[in-house]
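Asks: Dropping in upload.tsv, with TSV, C-alpha atoms and all ligand atoms.
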chain	number	residue	atom	x	y	z
A	1	MET	CA	-5.94	19.45	16.41
A	2	ARG	CA	-7.84	18.58	13.28
A	3	ALA	CA	-7.95	14.97	12.05
A	4	ASN	CA	-9.73	12.85	9.45
A	5	CYS	CA	-11.92	10.40	11.38
A	6	TRP	CA	-13.80	7.23	10.40
A	7	MET	CA	-17.38	7.74	11.57
A	8	GLY	CA	-18.98	4.62	10.08
A	9	ARG	CA	-19.06	2.72	6.80
A	10	ASP	CA	-18.41	5.20	3.94
A	11	THR	CA	-18.52	8.14	6.38
A	12	LEU	CA	-15.52	10.35	7.12
A	13	GLU	CA	-15.41	13.64	9.00
A	14	VAL	CA	-12.62	16.06	9.74
A	15	LEU	CA	-13.04	16.79	13.45
A	16	GLU	CA	-11.32	18.62	16.28
A	17	VAL	CA	-9.71	15.96	18.49
A	18	PRO	CA	-7.23	16.08	21.41
A	19	ASP	CA	-3.55	16.61	20.52
A	20	PRO	CA	-1.33	13.53	20.89
A	21	HIS	CA	1.21	13.38	23.73
A	22	ILE	CA	4.35	11.41	24.46
A	23	LEU	CA	3.24	8.18	26.17
A	24	ASN	CA	6.46	6.14	26.09
A	25	SER	CA	10.11	7.11	26.23
A	26	ARG	CA	10.74	6.09	22.61
A	27	ASP	CA	7.84	8.18	21.21
A	28	ALA	CA	8.11	11.33	19.14
A	29	ILE	CA	5.40	13.80	18.18
A	30	VAL	CA	5.46	14.87	14.55
A	31	ARG	CA	3.73	17.93	13.13
A	32	VAL	CA	2.43	16.55	9.87
A	33	THR	CA	3.37	18.58	6.78
A	34	SER	CA	2.13	16.14	4.11
A	35	THR	CA	-0.01	13.03	4.21
A	36	ALA	CA	-1.63	10.88	1.55
A	37	ILE	CA	-4.72	8.80	0.92
A	38	CYS	CA	-3.89	5.18	0.14
A	39	GLY	CA	-5.84	2.54	-1.75
A	40	SER	CA	-5.81	0.42	1.39
A	41	ASP	CA	-7.60	3.24	3.24
A	42	LEU	CA	-10.53	2.62	0.90
A	43	HIS	CA	-10.85	-0.93	2.26
A	44	LEU	CA	-11.18	0.57	5.76
A	45	VAL	CA	-13.68	3.20	4.71
A	46	GLY	CA	-15.76	0.63	2.85
A	47	GLY	CA	-15.98	-1.48	6.01
A	48	HIS	CA	-13.95	-4.40	4.61
A	49	VAL	CA	-11.45	-4.43	7.48
A	50	PRO	CA	-12.77	-5.58	10.85
A	51	THR	CA	-12.16	-3.74	14.15
A	52	VAL	CA	-12.30	-0.14	12.89
A	53	LYS	CA	-14.18	2.02	15.42
A	54	LYS	CA	-16.10	5.25	15.19
A	55	GLY	CA	-13.74	8.17	15.73
A	56	ASP	CA	-10.57	6.38	14.59
A	57	ILE	CA	-8.08	8.70	12.88
A	58	LEU	CA	-7.03	7.34	9.48
A	59	GLY	CA	-3.78	7.67	7.57
A	60	HIS	CA	-0.54	5.70	7.43
A	61	GLU	CA	1.40	7.72	4.85
A	62	PHE	CA	2.78	10.87	6.41
A	63	MET	CA	5.81	13.01	7.06
A	64	GLY	CA	6.54	16.14	9.01
A	65	GLU	CA	8.61	17.97	11.55
A	66	VAL	CA	9.57	16.53	14.93
A	67	VAL	CA	8.17	18.78	17.65
A	68	GLU	CA	8.80	16.65	20.74
A	69	VAL	CA	10.86	13.55	21.56
A	70	GLY	CA	10.74	11.17	24.49
A	71	PRO	CA	13.89	10.64	26.61
A	72	GLY	CA	14.61	7.31	24.85
A	73	VAL	CA	14.99	8.87	21.39
A	74	SER	CA	18.55	10.06	20.91
A	75	ASN	CA	18.79	10.08	17.11
A	76	LEU	CA	16.08	12.69	16.47
A	77	SER	CA	15.83	16.28	17.62
A	78	VAL	CA	13.09	18.86	17.62
A	79	GLY	CA	13.02	20.49	14.19
A	80	ASP	CA	14.15	17.40	12.23
A	81	ARG	CA	12.21	16.65	9.07
A	82	VAL	CA	11.19	12.99	8.88
A	83	VAL	CA	9.23	10.50	6.79
A	84	VAL	CA	7.44	7.91	8.93
A	85	PRO	CA	7.11	4.28	7.74
A	86	PHE	CA	3.62	2.80	8.04
A	87	PRO	CA	4.55	-0.38	10.00
A	88	ILE	CA	5.46	0.36	13.60
A	89	ALA	CA	8.52	-1.67	14.57
A	90	CYS	CA	10.67	-1.99	17.69
A	91	GLY	CA	13.94	-2.76	15.92
A	92	ALA	CA	15.00	-5.41	18.42
A	93	CYS	CA	12.67	-8.43	18.30
A	94	PHE	CA	13.22	-11.65	16.32
A	95	ALA	CA	11.35	-10.26	13.29
A	96	CYS	CA	12.98	-6.82	13.30
A	97	GLN	CA	16.43	-8.37	13.64
A	98	ALA	CA	15.65	-10.36	10.50
A	99	GLY	CA	14.57	-7.17	8.69
A	100	LEU	CA	10.91	-8.25	8.75
A	101	TYR	CA	9.66	-4.97	10.21
A	102	SER	CA	6.02	-5.34	9.16
A	103	VAL	CA	5.73	-8.39	11.41
A	104	CYS	CA	7.41	-6.83	14.46
A	105	GLU	CA	6.42	-8.78	17.57
A	106	ASN	CA	6.37	-5.83	19.95
A	107	SER	CA	4.33	-3.10	18.28
A	108	ASN	CA	0.78	-4.45	18.32
A	109	PRO	CA	-0.81	-4.11	21.77
A	110	ASN	CA	-3.91	-5.88	20.39
A	111	ALA	CA	-2.01	-8.89	19.03
A	112	GLY	CA	-4.64	-11.20	20.53
A	113	MET	CA	-7.29	-9.77	18.20
A	114	ALA	CA	-5.11	-10.28	15.14
A	115	GLU	CA	-4.27	-13.83	16.23
A	116	LYS	CA	-7.98	-14.71	16.06
A	117	PHE	CA	-8.04	-13.68	12.39
A	118	MET	CA	-4.56	-14.64	11.26
A	119	GLY	CA	-3.07	-17.16	13.67
A	120	HIS	CA	-0.20	-14.84	14.57
A	121	SER	CA	-0.11	-11.06	14.69
A	122	PRO	CA	1.69	-8.72	12.29
A	123	ALA	CA	3.10	-5.35	13.41
A	124	GLY	CA	0.99	-2.41	14.51
A	125	VAL	CA	0.16	0.07	11.75
A	126	PHE	CA	-0.82	3.75	11.95
A	127	GLY	CA	-4.52	4.39	11.40
A	128	TYR	CA	-5.38	0.87	10.38
A	129	SER	CA	-7.90	-0.74	12.75
A	130	HIS	CA	-7.72	-1.93	16.35
A	131	MET	CA	-6.66	-5.37	15.25
A	132	LEU	CA	-3.42	-3.68	14.07
A	133	GLY	CA	-2.88	-1.72	17.25
A	134	GLY	CA	-5.53	1.00	17.29
A	135	TYR	CA	-2.90	3.68	16.63
A	136	ALA	CA	-4.08	7.13	15.55
A	137	GLY	CA	-3.14	7.79	11.95
A	138	GLY	CA	-1.37	10.61	10.17
A	139	GLN	CA	-4.26	12.30	8.37
A	140	ALA	CA	-4.08	14.86	11.12
A	141	GLU	CA	-2.14	17.92	12.17
A	142	TYR	CA	0.00	15.92	14.61
A	143	ALA	CA	0.82	12.25	15.17
A	144	ARG	CA	2.45	10.25	17.92
A	145	VAL	CA	5.17	8.02	16.48
A	146	PRO	CA	6.15	5.05	18.69
A	147	PHE	CA	9.66	3.57	18.40
A	148	ALA	CA	10.69	6.86	16.82
A	149	ASP	CA	14.34	5.87	17.23
A	150	VAL	CA	13.82	3.04	14.70
A	151	GLY	CA	11.29	3.99	12.02
A	152	PRO	CA	11.41	7.59	10.82
A	153	ILE	CA	14.06	8.58	8.30
A	154	LYS	CA	15.55	12.08	8.45
A	155	ILE	CA	15.42	14.17	5.29
A	156	GLU	CA	18.46	16.38	5.59
A	157	ASP	CA	18.47	18.06	2.22
A	158	ASP	CA	15.92	20.29	0.56
A	159	LEU	CA	14.04	17.58	-1.36
A	160	PRO	CA	10.39	18.70	-1.35
A	161	ASP	CA	7.79	16.68	0.61
A	162	GLU	CA	6.22	15.39	-2.59
A	163	LYS	CA	9.43	13.64	-3.67
A	164	VAL	CA	9.96	11.80	-0.38
A	165	LEU	CA	6.48	11.35	1.16
A	166	PHE	CA	5.88	8.04	-0.61
A	167	LEU	CA	8.88	6.47	1.14
A	168	SER	CA	6.29	5.96	3.92
A	169	ASP	CA	4.54	3.17	2.02
A	170	ILE	CA	3.77	2.95	-1.68
A	171	LEU	CA	7.25	3.39	-3.18
A	172	PRO	CA	8.86	0.71	-0.97
A	173	THR	CA	5.75	-1.47	-1.39
A	174	GLY	CA	5.97	-1.35	-5.19
A	175	TYR	CA	9.72	-1.90	-4.97
A	176	MET	CA	9.40	-4.91	-2.67
A	177	GLY	CA	6.78	-6.35	-5.05
A	178	ALA	CA	9.36	-6.24	-7.83
A	179	GLU	CA	12.23	-7.39	-5.61
A	180	MET	CA	10.27	-10.52	-4.59
A	181	CYS	CA	10.21	-11.47	-8.30
A	182	ASP	CA	13.99	-12.12	-8.36
A	183	ILE	CA	14.14	-10.51	-11.79
A	184	LYS	CA	16.88	-11.72	-14.15
A	185	PRO	CA	18.02	-9.77	-17.21
A	186	GLY	CA	15.76	-10.30	-20.20
A	187	GLN	CA	12.70	-11.21	-18.16
A	188	THR	CA	9.11	-10.10	-18.55
A	189	VAL	CA	7.09	-9.03	-15.52
A	190	ALA	CA	3.32	-8.49	-15.49
A	191	VAL	CA	1.68	-6.18	-12.95
A	192	TRP	CA	-2.05	-6.32	-12.12
A	193	GLY	CA	-3.28	-2.91	-11.02
A	194	ALA	CA	-2.10	0.39	-12.49
A	195	GLY	CA	-2.77	2.39	-9.34
A	196	PRO	CA	0.13	4.19	-7.66
A	197	VAL	CA	1.56	1.00	-6.11
A	198	GLY	CA	1.32	-0.77	-9.48
A	199	GLN	CA	2.99	2.22	-11.14
A	200	PHE	CA	5.86	2.03	-8.64
A	201	ALA	CA	6.06	-1.75	-9.15
A	202	VAL	CA	6.46	-1.09	-12.90
A	203	ALA	CA	9.20	1.49	-12.34
A	204	SER	CA	10.93	-0.76	-9.80
A	205	ALA	CA	10.83	-3.82	-12.06
A	206	TYR	CA	12.78	-1.79	-14.62
A	207	MET	CA	15.19	-0.51	-11.95
A	208	LEU	CA	15.81	-4.16	-11.01
A	209	GLY	CA	16.58	-5.20	-14.57
A	210	ALA	CA	13.35	-6.37	-16.22
A	211	GLU	CA	13.43	-6.16	-19.99
A	212	ARG	CA	9.69	-5.69	-20.34
A	213	VAL	CA	6.86	-4.89	-17.95
A	214	ILE	CA	3.21	-5.32	-18.86
A	215	CYS	CA	0.56	-3.63	-16.73
A	216	ILE	CA	-3.11	-4.65	-16.54
A	217	ASP	CA	-6.01	-2.43	-15.49
A	218	ARG	CA	-9.29	-1.12	-16.90
A	219	PHE	CA	-8.96	2.65	-16.40
A	220	PRO	CA	-7.28	4.30	-19.41
A	221	TYR	CA	-5.86	7.18	-17.34
A	222	ARG	CA	-4.19	4.75	-14.96
A	223	LEU	CA	-2.84	2.72	-17.86
A	224	ASN	CA	-1.41	5.98	-19.24
A	225	HIS	CA	0.46	6.50	-15.97
A	226	ALA	CA	1.85	2.97	-16.25
A	227	GLN	CA	2.92	3.69	-19.82
A	228	ARG	CA	4.76	6.78	-18.62
A	229	ALA	CA	6.60	4.48	-16.20
A	230	GLY	CA	7.58	2.43	-19.27
A	231	ALA	CA	5.01	-0.39	-19.26
A	232	GLN	CA	3.15	-1.97	-22.12
A	233	THR	CA	-0.49	-2.10	-21.09
A	234	LEU	CA	-3.53	-4.34	-21.37
A	235	ASN	CA	-7.09	-3.22	-20.69
A	236	TYR	CA	-8.84	-6.30	-19.33
A	237	GLU	CA	-12.19	-5.00	-20.51
A	238	GLU	CA	-10.89	-5.15	-24.07
A	239	VAL	CA	-8.75	-8.29	-24.23
A	240	ASP	CA	-8.58	-11.72	-22.67
A	241	VAL	CA	-5.59	-11.18	-20.40
A	242	LEU	CA	-4.44	-14.80	-20.30
A	243	ASP	CA	-4.46	-15.08	-24.09
A	244	ALA	CA	-2.82	-11.70	-24.57
A	245	LEU	CA	0.00	-12.49	-22.14
A	246	ARG	CA	0.56	-15.87	-23.79
A	247	ASP	CA	0.79	-14.19	-27.19
A	248	MET	CA	3.23	-11.57	-25.90
A	249	THR	CA	5.58	-14.14	-24.36
A	250	GLY	CA	5.90	-16.83	-27.01
A	251	GLY	CA	3.32	-18.97	-25.23
A	252	HIS	CA	5.24	-19.14	-21.93
A	253	GLY	CA	3.55	-16.48	-19.82
A	254	PRO	CA	5.38	-13.75	-17.87
A	255	ASP	CA	8.36	-14.81	-15.75
A	256	ALA	CA	6.83	-13.08	-12.76
A	257	CYS	CA	3.39	-11.69	-11.94
A	258	ILE	CA	2.70	-8.99	-9.36
A	259	ASP	CA	-0.76	-8.59	-7.78
A	260	ALA	CA	-1.01	-4.90	-6.89
A	261	VAL	CA	-4.81	-5.02	-6.68
A	262	GLY	CA	-5.73	-7.03	-3.61
A	263	MET	CA	-9.06	-7.72	-2.05
A	264	GLU	CA	-11.39	-5.44	-3.96
A	265	GLY	CA	-10.63	-6.64	-7.44
A	266	HIS	CA	-13.10	-6.11	-10.22
A	267	HIS	CA	-13.67	-9.00	-12.60
A	268	PRO	CA	-14.45	-8.96	-16.29
A	269	THR	CA	-16.48	-12.17	-16.02
A	270	PRO	CA	-19.72	-10.91	-14.46
A	271	ALA	CA	-20.79	-14.26	-13.04
A	272	LEU	CA	-17.59	-14.80	-11.07
A	273	TYR	CA	-17.42	-11.15	-9.97
A	274	ALA	CA	-21.01	-11.27	-8.72
A	275	TYR	CA	-20.30	-14.54	-6.94
A	276	ASP	CA	-17.33	-13.01	-5.11
A	277	ARG	CA	-19.19	-9.79	-4.43
A	278	VAL	CA	-22.13	-11.58	-2.80
A	279	ARG	CA	-19.85	-13.79	-0.76
A	280	GLN	CA	-17.77	-10.79	0.33
A	281	THR	CA	-20.82	-8.77	1.31
A	282	THR	CA	-22.27	-11.64	3.28
A	283	ARG	CA	-18.82	-12.27	4.85
A	284	LEU	CA	-18.64	-15.85	3.58
A	285	GLU	CA	-15.34	-14.76	2.10
A	286	THR	CA	-13.62	-11.46	2.80
A	287	GLU	CA	-11.88	-11.04	-0.54
A	288	ARG	CA	-12.62	-10.74	-4.24
A	289	PRO	CA	-9.36	-12.21	-5.49
A	290	SER	CA	-9.88	-11.88	-9.24
A	291	ALA	CA	-6.46	-10.33	-9.96
A	292	LEU	CA	-4.65	-12.94	-7.90
A	293	ARG	CA	-6.41	-15.80	-9.69
A	294	GLU	CA	-5.50	-14.35	-13.05
A	295	ALA	CA	-1.89	-13.66	-12.00
A	296	ILE	CA	-1.45	-17.29	-10.94
A	297	LEU	CA	-3.04	-18.72	-14.09
A	298	SER	CA	-0.99	-16.37	-16.32
A	299	CYS	CA	2.44	-16.92	-14.80
A	300	ARG	CA	4.88	-19.12	-16.72
A	301	ASN	CA	5.71	-22.56	-15.32
A	302	GLY	CA	8.23	-22.21	-12.52
A	303	GLY	CA	7.64	-18.45	-12.23
A	304	VAL	CA	7.02	-16.18	-9.25
A	305	VAL	CA	3.72	-14.65	-8.16
A	306	SER	CA	4.34	-11.65	-5.90
A	307	VAL	CA	1.40	-10.32	-3.90
A	308	ILE	CA	1.54	-6.76	-2.56
A	309	GLY	CA	-2.18	-5.93	-2.93
A	310	GLU	CA	-3.97	-5.83	0.38
A	311	TYR	CA	-5.77	-8.91	1.73
A	312	ALA	CA	-7.40	-9.19	5.13
A	313	GLY	CA	-9.02	-12.59	5.51
A	314	MET	CA	-10.14	-15.69	3.64
A	315	LEU	CA	-10.50	-16.25	-0.06
A	316	ASP	CA	-12.38	-18.64	-2.24
A	317	LYS	CA	-11.77	-20.36	-5.59
A	318	PHE	CA	-8.01	-20.09	-5.12
A	319	PRO	CA	-6.21	-21.94	-7.97
A	320	MET	CA	-4.01	-24.06	-5.74
A	321	GLY	CA	-3.80	-26.77	-8.41
A	322	SER	CA	-2.23	-24.36	-10.87
A	323	LEU	CA	0.20	-23.07	-8.26
A	324	MET	CA	1.28	-26.55	-7.19
A	325	ASN	CA	1.36	-28.44	-10.46
A	326	ARG	CA	3.25	-25.72	-12.30
A	327	SER	CA	5.99	-25.19	-9.70
A	328	LEU	CA	5.05	-21.57	-9.03
A	329	THR	CA	6.44	-19.64	-6.10
A	330	LEU	CA	4.06	-17.39	-4.16
A	331	ARG	CA	5.71	-14.54	-2.27
A	332	THR	CA	3.95	-11.86	-0.29
A	333	GLY	CA	4.05	-9.51	2.68
A	334	GLN	CA	3.19	-6.09	3.94
A	335	CYS	CA	6.21	-4.04	3.03
A	336	HIS	CA	9.14	-4.02	5.45
A	337	VAL	CA	9.39	-0.31	4.75
A	338	GLN	CA	12.23	0.43	7.19
A	339	ARG	CA	14.48	-1.83	5.12
A	340	TYR	CA	13.97	0.18	1.92
A	341	MET	CA	13.81	3.81	3.02
A	342	LYS	CA	17.54	4.59	2.89
A	343	PRO	CA	18.34	2.91	-0.43
A	344	LEU	CA	15.23	4.36	-2.08
A	345	LEU	CA	15.94	7.84	-0.71
A	346	GLU	CA	19.37	7.45	-2.30
A	347	ARG	CA	17.73	6.55	-5.63
A	348	ILE	CA	15.48	9.63	-5.37
A	349	ARG	CA	18.53	11.80	-4.66
A	350	ARG	CA	20.35	10.33	-7.66
A	351	GLY	CA	17.32	10.98	-9.87
A	352	ASP	CA	16.66	7.29	-10.69
A	353	ILE	CA	13.02	7.97	-9.81
A	354	ASP	CA	10.88	10.99	-8.94
A	355	PRO	CA	7.92	9.46	-7.08
A	356	SER	CA	5.86	12.66	-7.29
A	357	PHE	CA	4.71	11.60	-10.77
A	358	VAL	CA	1.82	9.67	-9.19
A	359	ILE	CA	0.21	12.75	-7.59
A	360	SER	CA	-2.99	13.91	-9.27
A	361	HIS	CA	-4.65	15.95	-6.51
A	362	ARG	CA	-3.44	18.21	-3.73
A	363	MET	CA	-5.87	19.57	-1.15
A	364	PRO	CA	-6.06	20.77	2.45
A	365	LEU	CA	-6.67	18.19	5.19
A	366	ARG	CA	-10.13	19.60	5.86
A	367	GLU	CA	-11.15	18.37	2.39
A	368	ALA	CA	-10.02	14.79	3.08
A	369	PRO	CA	-13.54	13.29	2.77
A	370	HIS	CA	-13.85	14.89	-0.69
A	371	GLY	CA	-10.43	13.47	-1.63
A	372	PHE	CA	-11.60	10.00	-0.60
A	373	GLU	CA	-14.73	10.36	-2.75
A	374	LEU	CA	-12.71	11.35	-5.82
A	375	PHE	CA	-10.23	8.53	-5.27
A	376	LYS	CA	-12.85	5.89	-4.55
A	377	ASN	CA	-14.96	6.74	-7.58
A	378	ARG	CA	-11.91	7.32	-9.84
A	379	GLN	CA	-13.38	10.75	-10.59
A	380	ASP	CA	-11.40	13.49	-12.25
A	381	GLU	CA	-8.71	10.93	-13.16
A	382	CYS	CA	-7.83	10.71	-9.48
A	383	ASN	CA	-4.60	8.76	-9.04
A	384	LYS	CA	-3.09	9.89	-5.71
A	385	VAL	CA	-4.26	12.55	-3.27
A	386	VAL	CA	-1.83	14.46	-1.06
A	387	LEU	CA	-3.29	16.37	1.90
A	388	THR	CA	-1.59	19.25	3.68
A	389	PRO	CA	-2.80	20.28	7.14
A	401	ZN	ZN	-0.68	3.03	2.01
A	402	ZN	ZN	10.23	-5.66	16.48
Go through the file and emit its structure as structure tokens.
Ligand SMILES: [Zn+2]
Ligand SMILES: [Zn+2]

Replies:
Amino acid sequence: MRANCWMGRDTLEVLEVPDPHILNSRDAIVRVTSTAICGSDLHLVGGHVPTVKKGDILGHEFMGEVVEVGPGVSNLSVGDRVVVPFPIACGACFACQAGLYSVCENSNPNAGMAEKFMGHSPAGVFGYSHMLGGYAGGQAEYARVPFADVGPIKIEDDLPDEKVLFLSDILPTGYMGAEMCDIKPGQTVAVWGAGPVGQFAVASAYMLGAERVICIDRFPYRLNHAQRAGAQTLNYEEVDVLDALRDMTGGHGPDACIDAVGMEGHHPTPALYAYDRVRQTTRLETERPSALREAILSCRNGGVVSVIGEYAGMLDKFPMGSLMNRSLTLRTGQCHVQRYMKPLLERIRRGDIDPSFVISHRMPLREAPHGFELFKNRQDECNKVVLTP
């Protein structure tokens, strides 16, 4: 089959690789019909995530048709159409029983590697480094799906791929970001990052009752997307974000702040950005946490800072004094996608949200490296790329 492979820092190639096979009784093989490029894939491609190896197949957002099931999978049949969640989860361990699927204790065969970086291991993830299991990803014609009796959700009506594909990651991730804010009626939520996850966080904050959502980015076309989702917007290259948010909230600051940027933040203060950039490149710190710093400093006293942007390691100049002295709550996590797929599919069916609004580019799988280039360089107003094998 054909698959999009990581061949070294900033190098991707679509290659012929062996087809996947059933390895365990609870596996299924899915023929991929749609897959997407995610912002977190850029961190892998740029070499910011350790333990990626030459030849690894990328992709953790995919859906398709079941073509084979192991003997332990009784809820799926050949021919079923499914969306596959990006965290791989067993459904039975302590974490899964608590609904914390992205920290499943049984799905990462390389847990020892992750423990060295993080103390304990999170769940295995498709196409996301050996530290997270070394699983082949879904930017391919076929994928092996472990614990297929737990993760994939069947799509039984004729909703097109583009409306349901993002149940695999970014829609639930944006939704969980808003849910962690415990939004009360009348509240204001600020979202850093107007990429697709930020756009879904904006839409979700409204679905969960926010009165006003303010979105912060520097790319006008992304801010336009956020406006279409209902947000007021701030371009941090044009205004001082802290001052602007204070002015917009009677001096209090937003009730909740969502970091949908993560580790590769850009910073309007060149000195601090350069400082982070040098430290990140020399591996003294692994993150450039400019959005997170600003989210913490901006949040009103007693508010919630919700982090859904991707982080992988250590960070520096973290405003712990602000967090502690002002009674802020910090909430975070890789999305427990399995928990949100059914209710969000229901919302899509009801027409509360049509997630396909984030798609800017559609192309065949063999053009995946080109799609990554467009997305990485924000060329051609690239917002979200969907690949079809
Ligand atoms: Zn993703
Ligand atoms: Zn589990």

Asks: Kindly indicate which residue among A:Ser360, A:Ser121, A:Thr35, A:Ser290 lies nearest to ligand ZN 401 (chain A), using only C-alpha atoms and all ligand atoms for the distances.

Replies: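 Smallest separation from ligand ZN 401 (chain A) among the options: A:Thr35.
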
Asks: Work out how far apart CA of Leu132 in chain A and CA of Glu13 in chain A are and give it in Å to one decimal.

Replies: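 Here the two named atoms are 21.7 Å from each other.
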
Asks: Closest to Ile183 in chain A among A:Glu68, A:Glu211, A:Glu61, A:Glu346, using only C-alpha atoms?

Replies: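 When distances to Ile183 in chain A are compared using only C-alpha atoms, the smallest one comes from A:Glu211.
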
Asks: Please compute the CA of Ile22 in chain A-CA of Val125 in chain A distance, one decimal, in Å.

Replies: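 Between these atoms lies a distance of 17.5 Å.
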
Asks: Restricting the calculation to all atoms listed in the file, which member of A:Gly112, A:Pro50, A:Gly151, A:Pro71 is positioned closest to ligand ZN 402 (chain A)?

Replies: A:Gly151

Asks: CA of Glu16 in chain A and CA of Tyr142 in chain A, how far apart in Å?

Replies: 11.8 Å

Asks: In file coordinates, which residues lie within 12 Å of (-3.1, -9.3, -25.5) using all atoms listed in the file, given as a list of chain:residue names?

Replies: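 In the file's frame, the residues around the point are A:Ala190, A:Ile214, A:Cys215, A:Ile216, A:Gln232, A:Thr233, A:Leu234, A:Asn235, A:Tyr236, A:Glu237, A:Glu238, A:Val239, A:Asp240, A:Val241, A:Leu242, A:Asp243, A:Ala244, A:Leu245, A:Arg246, A:Asp247, A:Met248, A:Thr249, A:Gly250, A:Gly251, A:Gly253, A:Ser298.
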
Asks: Could you report the residues within 8 Å of ligand ZN 402 (chain A), using all atoms listed in the file, as a PDB file with C-alpha atoms, in the coordinates of the input?

Replies:
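What ended up in out.pdb:
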ATOM      1  CA  ALA A  89       8.520  -1.670  14.570  1.00  0.00           C
ATOM      2  CA  CYS A  90      10.670  -1.990  17.690  1.00  0.00           C
ATOM      3  CA  GLY A  91      13.940  -2.760  15.920  1.00  0.00           C
ATOM      4  CA  ALA A  92      15.000  -5.410  18.420  1.00  0.00           C
ATOM      5  CA  CYS A  93      12.670  -8.430  18.300  1.00  0.00           C
ATOM      6  CA  PHE A  94      13.220 -11.650  16.320  1.00  0.00           C
ATOM      7  CA  ALA A  95      11.350 -10.260  13.290  1.00  0.00           C
ATOM      8  CA  CYS A  96      12.980  -6.820  13.300  1.00  0.00           C
ATOM      9  CA  GLN A  97      16.430  -8.370  13.640  1.00  0.00           C
ATOM     10  CA  TYR A 101       9.660  -4.970  10.210  1.00  0.00           C
ATOM     11  CA  VAL A 103       5.730  -8.390  11.410  1.00  0.00           C
ATOM     12  CA  CYS A 104       7.410  -6.830  14.460  1.00  0.00           C
ATOM     13  CA  GLU A 105       6.420  -8.780  17.570  1.00  0.00           C
ATOM     14  CA  ASN A 106       6.370  -5.830  19.950  1.00  0.00           C
ATOM     15  CA  SER A 107       4.330  -3.100  18.280  1.00  0.00           C
ATOM     16  CA  ALA A 123       3.100  -5.350  13.410  1.00  0.00           C
TER      17      ALA A 123
END

Asks: Dump as CSV the rows for residues of chain A within 8 Å of ligand ZN 401 (chain A): closest atom pair and distance in Å with one decimal, all atoms listed in the file counted, ordered by chain and rising residue number.

Replies:
residue,atom,partner,partner_atom,distance
A:Ala36,CA,A:ZN401,ZN,7.9
A:Ile37,CA,A:ZN401,ZN,7.1
A:Cys38,CA,A:ZN401,ZN,4.3
A:Gly39,CA,A:ZN401,ZN,6.4
A:Ser40,CA,A:ZN401,ZN,5.8
A:Asp41,CA,A:ZN401,ZN,7.0
A:Gly59,CA,A:ZN401,ZN,7.9
A:His60,CA,A:ZN401,ZN,6.0
A:Glu61,CA,A:ZN401,ZN,5.9
A:Phe86,CA,A:ZN401,ZN,7.4
A:Ser168,CA,A:ZN401,ZN,7.8
A:Asp169,CA,A:ZN401,ZN,5.2
A:Ile170,CA,A:ZN401,ZN,5.8

Asks: A:Thr33, A:Gln139, A:Ser306, A:Asn224: which is nearest Tyr175 in chain A, counting all atoms listed in the file?

Replies: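 Under the stated criterion, the closest residue is A:Ser306.
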
Asks: Up to 7 Å from (-8.6, -3.4, 17.7) in the file's coordinates: name the residues, counting all atoms listed in the file, as a VMD selection string.

Replies: chain A and resid 51 to 52 110 113 129 to 134

Asks: Which polymer residues have any atom within 8 Å of an atom of Ser327 in chain A, counting all atoms listed in the file, with same-chain residues fewer than 5 positions away left out, as an MDAnalysis selection string?

Replies: chainID A and resid 301:303
